[in-house]
Structure formats: structure tokens, C-alpha cells
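Worksheet: the structure to be examined is printed underneath.
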Amino acid sequence: MENISNATRAFVLVREFNAPRELFFNVCTQPEHLIKWWGPKDSKLNAKTIDIREGGKFHYEFTYSNGPTLWGLLSYIEITPYDRIVFTTSFADEKTNPVKAPMAAGFPLVIKNTWTLAEKNGKTTLTMEVVPVDASPNEVEFFAGMFGSMEQGNNGMLDQLDDYLTTLK
Amino acid sequence: MRRDVFQAIADPTRRAIIHMVAHNNMNLNAVAEKFDVSRPAISKHIKILTECGLIAIHQQGRERYCEAKLEKLNEVSNWVEQYREFWNKKFDALEIYLEELQAKDKHKPKRKKHGKHK
């Protein structure tokens, strides 16, 4: 039930990839593949733990050429070949404790991502629902206000925010 | 009680108030007149908005004006945009990687030496 109510409060990213679903799934869940594409382009990636199974973790260190070293953490909740991958993301310390995002005060500590894969004509459509896990009731309400109306095909609050932000410039 | 920007904009009336004063400062009476809700209810919303730092009240003579403080909203929308950007970059990289893998399969290229040393 919690999943369902959370889903309606998520923001959603959809993207099509030119690859069959099985390959897509493998490339996201097999360590030797994942490390090839996961690291930010201009950074060095070092996987400290890469244990991709339900309850497992991907804990990595990344360093930008002239920046600090940061740690990222993915914790896997559900892995169902070739349909669904559910996991959380957060910044972390070197001991896998989630930490607040550097340089972004409003960023939630832990974010839950639900991936659903569908294949058509050899292409994979990824639908990704994003919801903060540690959300305060206020944040949850905010999400409902901001993204709730997206299902009716308009961006509601998001457009309003855009309006506000353009007035700042 | 904790007041934050999330609480400020969780309520549709408060969002409407912010929207209204976003472009022009408005006096409190003028804001209240735009709503069917009672005057005290609007005052309460405005009080919450000021406590959350989204609105500032200025006294000008006998009038009190609302001014929107939109920098606060930046904090909120920023993470959504940043997170979207984070994933879009990952997906770009993933797309390229998938292309490379499939191209290899098709053309069965000679094995490349990566020059790795232990």
C-alpha cells in the first residue's frame, strides 16, 4: 500500500534505450557492466562494495579532477529480472552512512527509485519513479502538490515554480 | 513547530498567494479580497508564509505589503532539477555503452588490447 501511495507522489522520468530489455537489465545489474558507465564523465570511479542483489549495496567513491572525493551509495530493495529494479540512492560517507548532499541544502537524504522496464520492437522503455524516502510530512505534501497533477498531463506546480524562477532572473 | 518551505507551499491557497505576489508586491487587504476564504484564514496563511521565509511584510504608512521571497523556492526545485540532471547524464553514458556493446556483437571485432597491468 505504501508503495502505491508513494508512487502517485513521485516524479517520473521516462527514457527509451535502443537495446533489448534483457541486455538493458544486465548492463544495470552486473557489476562488470555497471562500473563501465556509472561514473560521472569527468570523474574517477572506485567501487568499494558492489553487491547487486536484494539487500545488497553499491558503495563507490568518485573524484572529480580538481574537486573533493565524494561517496555515493545505492541500496537495492528489489531486483526482478527483466521487469523491475527498486533501489535507493544517497550521498554517503566511507562507511555507507547516508549523508546530506554537499552544496544542496534542499536535497533529500535518501531517494527511492523504482525502475520499470518494458520492451517494444527491441527497444527498452525505462520508467523511473522518484520519491524521497526520509521525507518529512511537509516534503510529502509538497510532492503531492508539485507532482500530483502530472498524471493529468500538466506539470502544475512545476510550471508555477518555473514561473517563479524566471522572475528571479 | 518547524516551519519550512515545504510546508509553505503544500497548501493550495498558500501557493496561490505566492503566485499572486510573485510579480508585484501587494497589500494585505488586496490579497485577502482575491479569496473566498475568511480574512483570518488568509492572515494565518500569510503568517505561515512569513515564518517559512517565503514572504516578507513591509509597513508603508498605514498599509502592510507582502513581498515574495522566491530564493527559498530555489532550494526546493533545485534538487528535483539536479536529480533529473544526474540521471540524464547517467542515461546518456548508459546509452553510449549499450550502443558500443551491441556494435561489438554485430561486427565481431578483433580483440582490443587494453594494456592493463597488474
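Residues are referred to by chain and number: the chain letter is A, B, ... according to the order shown in the C-alpha cells, the number counts from 1 in that chain, and ligands are numbered separately from 1 in the order shown.
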Using 12 Å as the limit and counting only C-alpha atoms, can you tabulate each residue of stretch 8-97 of chain A that touches stretch 85-95 of chain B, with its shortest atom-to-atom distance in Å and the two atoms involved, as a Markdown table?
```
| residue | atom | partner | partner_atom | distance |
| --- | --- | --- | --- | --- |
| A:Val12 | CA | B:Trp87 | CA | 11.4 |
| A:Leu13 | CA | B:Trp87 | CA | 8.8 |
| A:Val14 | CA | B:Asn88 | CA | 10.2 |
| A:Arg15 | CA | B:Phe91 | CA | 8.2 |
| A:Glu16 | CA | B:Glu95 | CA | 9.2 |
| A:Phe17 | CA | B:Glu95 | CA | 6.4 |
| A:Asn18 | CA | B:Glu95 | CA | 7.5 |
| A:Ala19 | CA | B:Glu95 | CA | 8.7 |
| A:Leu23 | CA | B:Leu94 | CA | 11.5 |
| A:Phe24 | CA | B:Leu94 | CA | 9.0 |
| A:Phe25 | CA | B:Leu94 | CA | 11.3 |
| A:Asn26 | CA | B:Leu94 | CA | 11.8 |
| A:Val27 | CA | B:Leu94 | CA | 8.3 |
| A:Cys28 | CA | B:Leu94 | CA | 8.6 |
| A:His33 | CA | B:Leu94 | CA | 9.7 |
| A:Leu34 | CA | B:Leu94 | CA | 8.8 |
| A:Ile35 | CA | B:Leu94 | CA | 10.5 |
| A:Lys36 | CA | B:Leu94 | CA | 8.7 |
| A:Trp37 | CA | B:Ala93 | CA | 5.6 |
| A:Trp38 | CA | B:Lys90 | CA | 6.3 |
| A:Gly39 | CA | B:Lys90 | CA | 7.9 |
| A:Pro40 | CA | B:Lys90 | CA | 7.3 |
| A:Lys41 | CA | B:Ala93 | CA | 7.9 |
| A:Asp42 | CA | B:Lys89 | CA | 11.2 |
| A:Thr89 | CA | B:Trp87 | CA | 11.2 |
```
Report as a Markdown table: every residue of chain B with an atom at most 9 Å from chain A, its closest pair of atoms, and their distance in Å to one decimal, counting only C-alpha atoms, with rows sorted by chain and ascending residue number.
```
| residue | atom | partner | partner_atom | distance |
| --- | --- | --- | --- | --- |
| B:Asp4 | CA | A:Asn138 | CA | 7.9 |
| B:Val5 | CA | A:Asn138 | CA | 8.4 |
| B:Phe6 | CA | A:Asn138 | CA | 5.1 |
| B:Gln7 | CA | A:Asn138 | CA | 4.8 |
| B:Ala8 | CA | A:Asn138 | CA | 8.4 |
| B:Ile9 | CA | A:Phe142 | CA | 6.4 |
| B:Ala10 | CA | A:Phe142 | CA | 4.6 |
| B:Asp11 | CA | A:Gly145 | CA | 7.6 |
| B:Pro12 | CA | A:Gly145 | CA | 7.6 |
| B:Arg15 | CA | A:Met157 | CA | 8.6 |
| B:Ile18 | CA | A:Tyr164 | CA | 8.9 |
| B:His19 | CA | A:Tyr164 | CA | 7.6 |
| B:Ala22 | CA | A:Tyr164 | CA | 6.6 |
| B:His23 | CA | A:Thr167 | CA | 7.2 |
| B:Leu70 | CA | A:Tyr164 | CA | 6.9 |
| B:Glu71 | CA | A:Leu168 | CA | 7.9 |
| B:Leu73 | CA | A:Leu161 | CA | 7.5 |
| B:Asn74 | CA | A:Leu165 | CA | 7.2 |
| B:Glu75 | CA | A:Gly106 | CA | 5.1 |
| B:Val76 | CA | A:Gly106 | CA | 5.5 |
| B:Ser77 | CA | A:Leu161 | CA | 7.2 |
| B:Asn78 | CA | A:Gly106 | CA | 7.5 |
| B:Trp79 | CA | A:Phe107 | CA | 5.1 |
| B:Val80 | CA | A:Phe107 | CA | 8.1 |
| B:Gln82 | CA | A:Phe107 | CA | 8.9 |
| B:Tyr83 | CA | A:Phe107 | CA | 8.8 |
| B:Arg84 | CA | A:Leu13 | CA | 7.7 |
| B:Phe86 | CA | A:Pro40 | CA | 8.8 |
| B:Trp87 | CA | A:Leu13 | CA | 8.8 |
| B:Lys89 | CA | A:Pro40 | CA | 7.7 |
| B:Lys90 | CA | A:Trp38 | CA | 6.3 |
| B:Phe91 | CA | A:Arg15 | CA | 8.2 |
| B:Ala93 | CA | A:Trp37 | CA | 5.6 |
| B:Leu94 | CA | A:Trp37 | CA | 5.6 |
| B:Glu95 | CA | A:Phe17 | CA | 6.4 |
| B:Ile96 | CA | A:Trp37 | CA | 8.5 |
| B:Tyr97 | CA | A:Trp37 | CA | 6.5 |
| B:Leu98 | CA | A:Ala19 | CA | 6.8 |
| B:Glu99 | CA | A:Asn18 | CA | 7.5 |
| B:Gln102 | CA | A:Ala19 | CA | 7.9 |
```
Dump as a tab-separated table (two decimals), in the first residue's frame, selection limited to N, CA and C atoms:
```
chain	number	residue	atom	x	y	z
B	4	ASP	N	9.00	25.17	7.32
B	4	ASP	CA	9.94	25.15	6.20
B	4	ASP	C	9.21	25.40	4.90
B	5	VAL	N	9.99	25.49	3.87
B	5	VAL	CA	9.44	25.88	2.58
B	5	VAL	C	8.45	24.82	2.05
B	6	PHE	N	8.68	23.57	2.46
B	6	PHE	CA	7.76	22.51	2.01
B	6	PHE	C	6.37	22.74	2.57
B	7	GLN	N	6.36	23.11	3.83
B	7	GLN	CA	5.07	23.36	4.45
B	7	GLN	C	4.41	24.57	3.81
B	8	ALA	N	5.22	25.54	3.51
B	8	ALA	CA	4.68	26.77	2.94
B	8	ALA	C	3.90	26.50	1.67
B	9	ILE	N	4.46	25.65	0.82
B	9	ILE	CA	3.81	25.50	-0.48
B	9	ILE	C	3.01	24.22	-0.60
B	10	ALA	N	2.83	23.52	0.53
B	10	ALA	CA	1.99	22.32	0.50
B	10	ALA	C	0.52	22.69	0.31
B	11	ASP	N	0.15	23.86	0.72
B	11	ASP	CA	-1.27	24.23	0.70
B	11	ASP	C	-1.60	25.05	-0.55
B	12	PRO	N	-2.69	24.68	-1.23
B	12	PRO	CA	-3.03	25.36	-2.50
B	12	PRO	C	-3.29	26.86	-2.32
B	15	ARG	N	-0.01	28.51	-2.09
B	15	ARG	CA	0.64	28.58	-3.41
B	15	ARG	C	0.04	29.72	-4.22
B	18	ILE	N	1.41	33.03	-3.04
B	18	ILE	CA	2.79	33.27	-3.53
B	18	ILE	C	2.74	33.71	-4.99
B	19	HIS	N	1.94	32.97	-5.74
B	19	HIS	CA	1.83	33.27	-7.16
B	19	HIS	C	1.38	34.73	-7.36
B	22	ALA	N	4.12	37.17	-6.45
B	22	ALA	CA	5.44	36.88	-7.03
B	22	ALA	C	5.91	38.02	-7.92
B	23	HIS	N	4.96	38.63	-8.65
B	23	HIS	CA	5.36	39.65	-9.63
B	23	HIS	C	5.26	41.07	-9.09
B	70	LEU	N	11.51	34.71	-3.23
B	70	LEU	CA	11.47	33.48	-4.03
B	70	LEU	C	12.75	32.66	-3.96
B	71	GLU	N	13.79	33.22	-3.39
B	71	GLU	CA	15.04	32.45	-3.31
B	71	GLU	C	14.82	31.13	-2.58
B	73	LEU	N	12.32	29.21	-2.73
B	73	LEU	CA	11.78	28.18	-3.62
B	73	LEU	C	12.88	27.51	-4.42
B	74	ASN	N	13.91	28.27	-4.69
B	74	ASN	CA	15.06	27.71	-5.39
B	74	ASN	C	15.57	26.45	-4.74
B	75	GLU	N	15.68	26.52	-3.43
B	75	GLU	CA	16.20	25.38	-2.67
B	75	GLU	C	15.41	24.12	-2.99
B	76	VAL	N	14.09	24.29	-3.11
B	76	VAL	CA	13.25	23.12	-3.30
B	76	VAL	C	13.32	22.59	-4.72
B	77	SER	N	13.15	23.50	-5.68
B	77	SER	CA	13.09	23.00	-7.05
B	77	SER	C	14.47	22.54	-7.51
B	78	ASN	N	15.50	23.10	-6.88
B	78	ASN	CA	16.84	22.74	-7.29
B	78	ASN	C	17.14	21.26	-7.24
B	79	TRP	N	16.73	20.61	-6.17
B	79	TRP	CA	17.14	19.22	-6.05
B	79	TRP	C	16.45	18.37	-7.10
B	80	VAL	N	15.22	18.71	-7.43
B	80	VAL	CA	14.49	17.94	-8.44
B	80	VAL	C	15.22	18.08	-9.78
B	82	GLN	N	18.33	18.99	-10.19
B	82	GLN	CA	19.66	18.39	-10.09
B	82	GLN	C	19.59	16.88	-10.23
B	83	TYR	N	18.56	16.31	-9.61
B	83	TYR	CA	18.44	14.85	-9.65
B	83	TYR	C	18.10	14.39	-11.06
B	84	ARG	N	17.24	15.12	-11.72
B	84	ARG	CA	16.90	14.82	-13.11
B	84	ARG	C	18.17	14.87	-13.98
B	86	PHE	N	21.28	14.61	-12.95
B	86	PHE	CA	22.14	13.49	-12.53
B	86	PHE	C	21.80	12.24	-13.34
B	87	TRP	N	20.52	11.92	-13.42
B	87	TRP	CA	20.11	10.71	-14.14
B	87	TRP	C	20.23	10.86	-15.64
B	89	LYS	N	22.44	12.43	-17.22
B	89	LYS	CA	23.84	12.19	-17.56
B	89	LYS	C	24.18	10.71	-17.50
B	90	LYS	N	23.68	10.03	-16.47
B	90	LYS	CA	23.92	8.60	-16.37
B	90	LYS	C	23.34	7.88	-17.59
B	91	PHE	N	22.12	8.29	-17.93
B	91	PHE	CA	21.44	7.61	-19.04
B	91	PHE	C	22.14	7.88	-20.37
B	93	ALA	N	25.35	8.20	-20.70
B	93	ALA	CA	26.50	7.30	-20.66
B	93	ALA	C	26.07	5.86	-20.91
B	94	LEU	N	24.94	5.50	-20.32
B	94	LEU	CA	24.42	4.14	-20.47
B	94	LEU	C	24.06	3.87	-21.94
B	95	GLU	N	23.45	4.85	-22.56
B	95	GLU	CA	23.06	4.73	-23.96
B	95	GLU	C	24.28	4.46	-24.84
B	96	ILE	N	25.33	5.22	-24.61
B	96	ILE	CA	26.56	5.05	-25.39
B	96	ILE	C	27.15	3.66	-25.14
B	97	TYR	N	27.15	3.27	-23.89
B	97	TYR	CA	27.70	1.96	-23.54
B	97	TYR	C	26.91	0.83	-24.22
B	98	LEU	N	25.60	0.95	-24.21
B	98	LEU	CA	24.75	-0.06	-24.85
B	98	LEU	C	25.03	-0.13	-26.36
B	99	GLU	N	25.19	1.03	-26.94
B	99	GLU	CA	25.50	1.08	-28.38
B	99	GLU	C	26.81	0.36	-28.68
B	102	GLN	N	26.50	-3.44	-28.40
B	102	GLN	CA	25.75	-4.07	-29.48
B	102	GLN	C	26.51	-3.99	-30.81
```
Excluding same-chain residues fewer than 6 positions from B:Asn29, what lies within 12 Å of it counting only C-alpha atoms, as a PyMOL selection string?
chain B and resi 35+38-40+42-43+46+62-66
Quick one: write out the picked residues with N, CA and C atoms as an mmCIF file, in the first residue's frame?
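Contents of the output file part_34.cif:
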```cif
data_model
loop_
_atom_site.group_PDB
_atom_site.id
_atom_site.type_symbol
_atom_site.label_atom_id
_atom_site.label_comp_id
_atom_site.auth_asym_id
_atom_site.auth_seq_id
_atom_site.Cartn_x
_atom_site.Cartn_y
_atom_site.Cartn_z
ATOM 1 N N PHE B 35 -9.637 36.130 -2.374
ATOM 2 C CA PHE B 35 -10.014 34.768 -1.975
ATOM 3 C C PHE B 35 -11.398 34.740 -1.340
ATOM 4 N N SER B 38 -12.078 33.240 4.560
ATOM 5 C CA SER B 38 -12.216 34.346 5.506
ATOM 6 C C SER B 38 -10.905 35.106 5.675
ATOM 7 N N ARG B 39 -11.017 36.325 6.061
ATOM 8 C CA ARG B 39 -9.860 37.178 6.266
ATOM 9 C C ARG B 39 -8.870 36.582 7.288
ATOM 10 N N PRO B 40 -9.388 36.106 8.440
ATOM 11 C CA PRO B 40 -8.440 35.496 9.401
ATOM 12 C C PRO B 40 -7.713 34.287 8.827
ATOM 13 N N ILE B 42 -6.841 33.831 5.702
ATOM 14 C CA ILE B 42 -5.774 34.360 4.834
ATOM 15 C C ILE B 42 -4.611 34.900 5.676
ATOM 16 N N SER B 43 -4.961 35.598 6.744
ATOM 17 C CA SER B 43 -3.912 36.115 7.630
ATOM 18 C C SER B 43 -3.050 34.989 8.158
ATOM 19 N N ILE B 46 -0.733 33.770 5.495
ATOM 20 C CA ILE B 46 0.356 34.733 5.274
ATOM 21 C C ILE B 46 1.359 34.673 6.423
ATOM 22 N N ARG B 62 0.048 53.338 6.518
ATOM 23 C CA ARG B 62 -0.955 52.532 7.203
ATOM 24 C C ARG B 62 -1.102 51.147 6.555
ATOM 25 N N GLU B 63 -0.468 50.986 5.416
ATOM 26 C CA GLU B 63 -0.647 49.732 4.667
ATOM 27 C C GLU B 63 0.457 48.738 4.987
ATOM 28 N N ARG B 64 0.077 47.495 4.888
ATOM 29 C CA ARG B 64 1.086 46.446 5.025
ATOM 30 C C ARG B 64 1.157 45.680 3.708
ATOM 31 N N TYR B 65 2.375 45.560 3.199
ATOM 32 C CA TYR B 65 2.580 44.931 1.894
ATOM 33 C C TYR B 65 3.271 43.578 2.009
ATOM 34 N N CYS B 66 2.851 42.668 1.131
ATOM 35 C CA CYS B 66 3.520 41.364 1.037
ATOM 36 C C CYS B 66 4.527 41.406 -0.101
#
```
Long-range neighbours of A:Gly55 as JSON, numbers by chain, 7 Å cut-off, only C-alpha atoms, 2 positions minimum in chain:
{"A": [53, 57, 75, 76, 77]}
Interatomic distance, atom CA of A:Ser65 to atom CA of A:Asn113 (Å, one decimal)
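Straight-line distance from atom CA of A:Ser65 to atom CA of A:Asn113 works out to 28.4 Å.
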Close residues, B:Glu67 itself excluded, 8 Å, only C-alpha atoms, min 6 positions apart in chain, as a PyMOL selection string
chain B and resi 21-22+24-26+55-58
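Of the listed residues (A:Glu54, A:Glu32, A:Glu61, A:Glu119), A:Glu54 comes nearest to A:Phe87; the distances count only C-alpha atoms.
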Which residues in chain B does DSSP call helix (DSSP H, G or I)? List them as an MDAnalysis selection string.
chainID B and resid 5:10 12:23 28:33 39:51 71:107
Coordinates-based distance that separates atom CA of A:Leu73 from atom CA of A:Thr125 (Å, one decimal)
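For atom CA of A:Thr125 relative to atom CA of A:Leu73, the distance reads 24.6 Å.
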Could you find all residues in stretch 8-58 of chain A that DSSP calls strand (DSSP E or B) from the backbone, and write them as a count of residues only?
17
Please measure the separation of atom CA of A:Tyr82 and atom CA of A:Gln30, giving the value in Å to one decimal.
12.6 Å
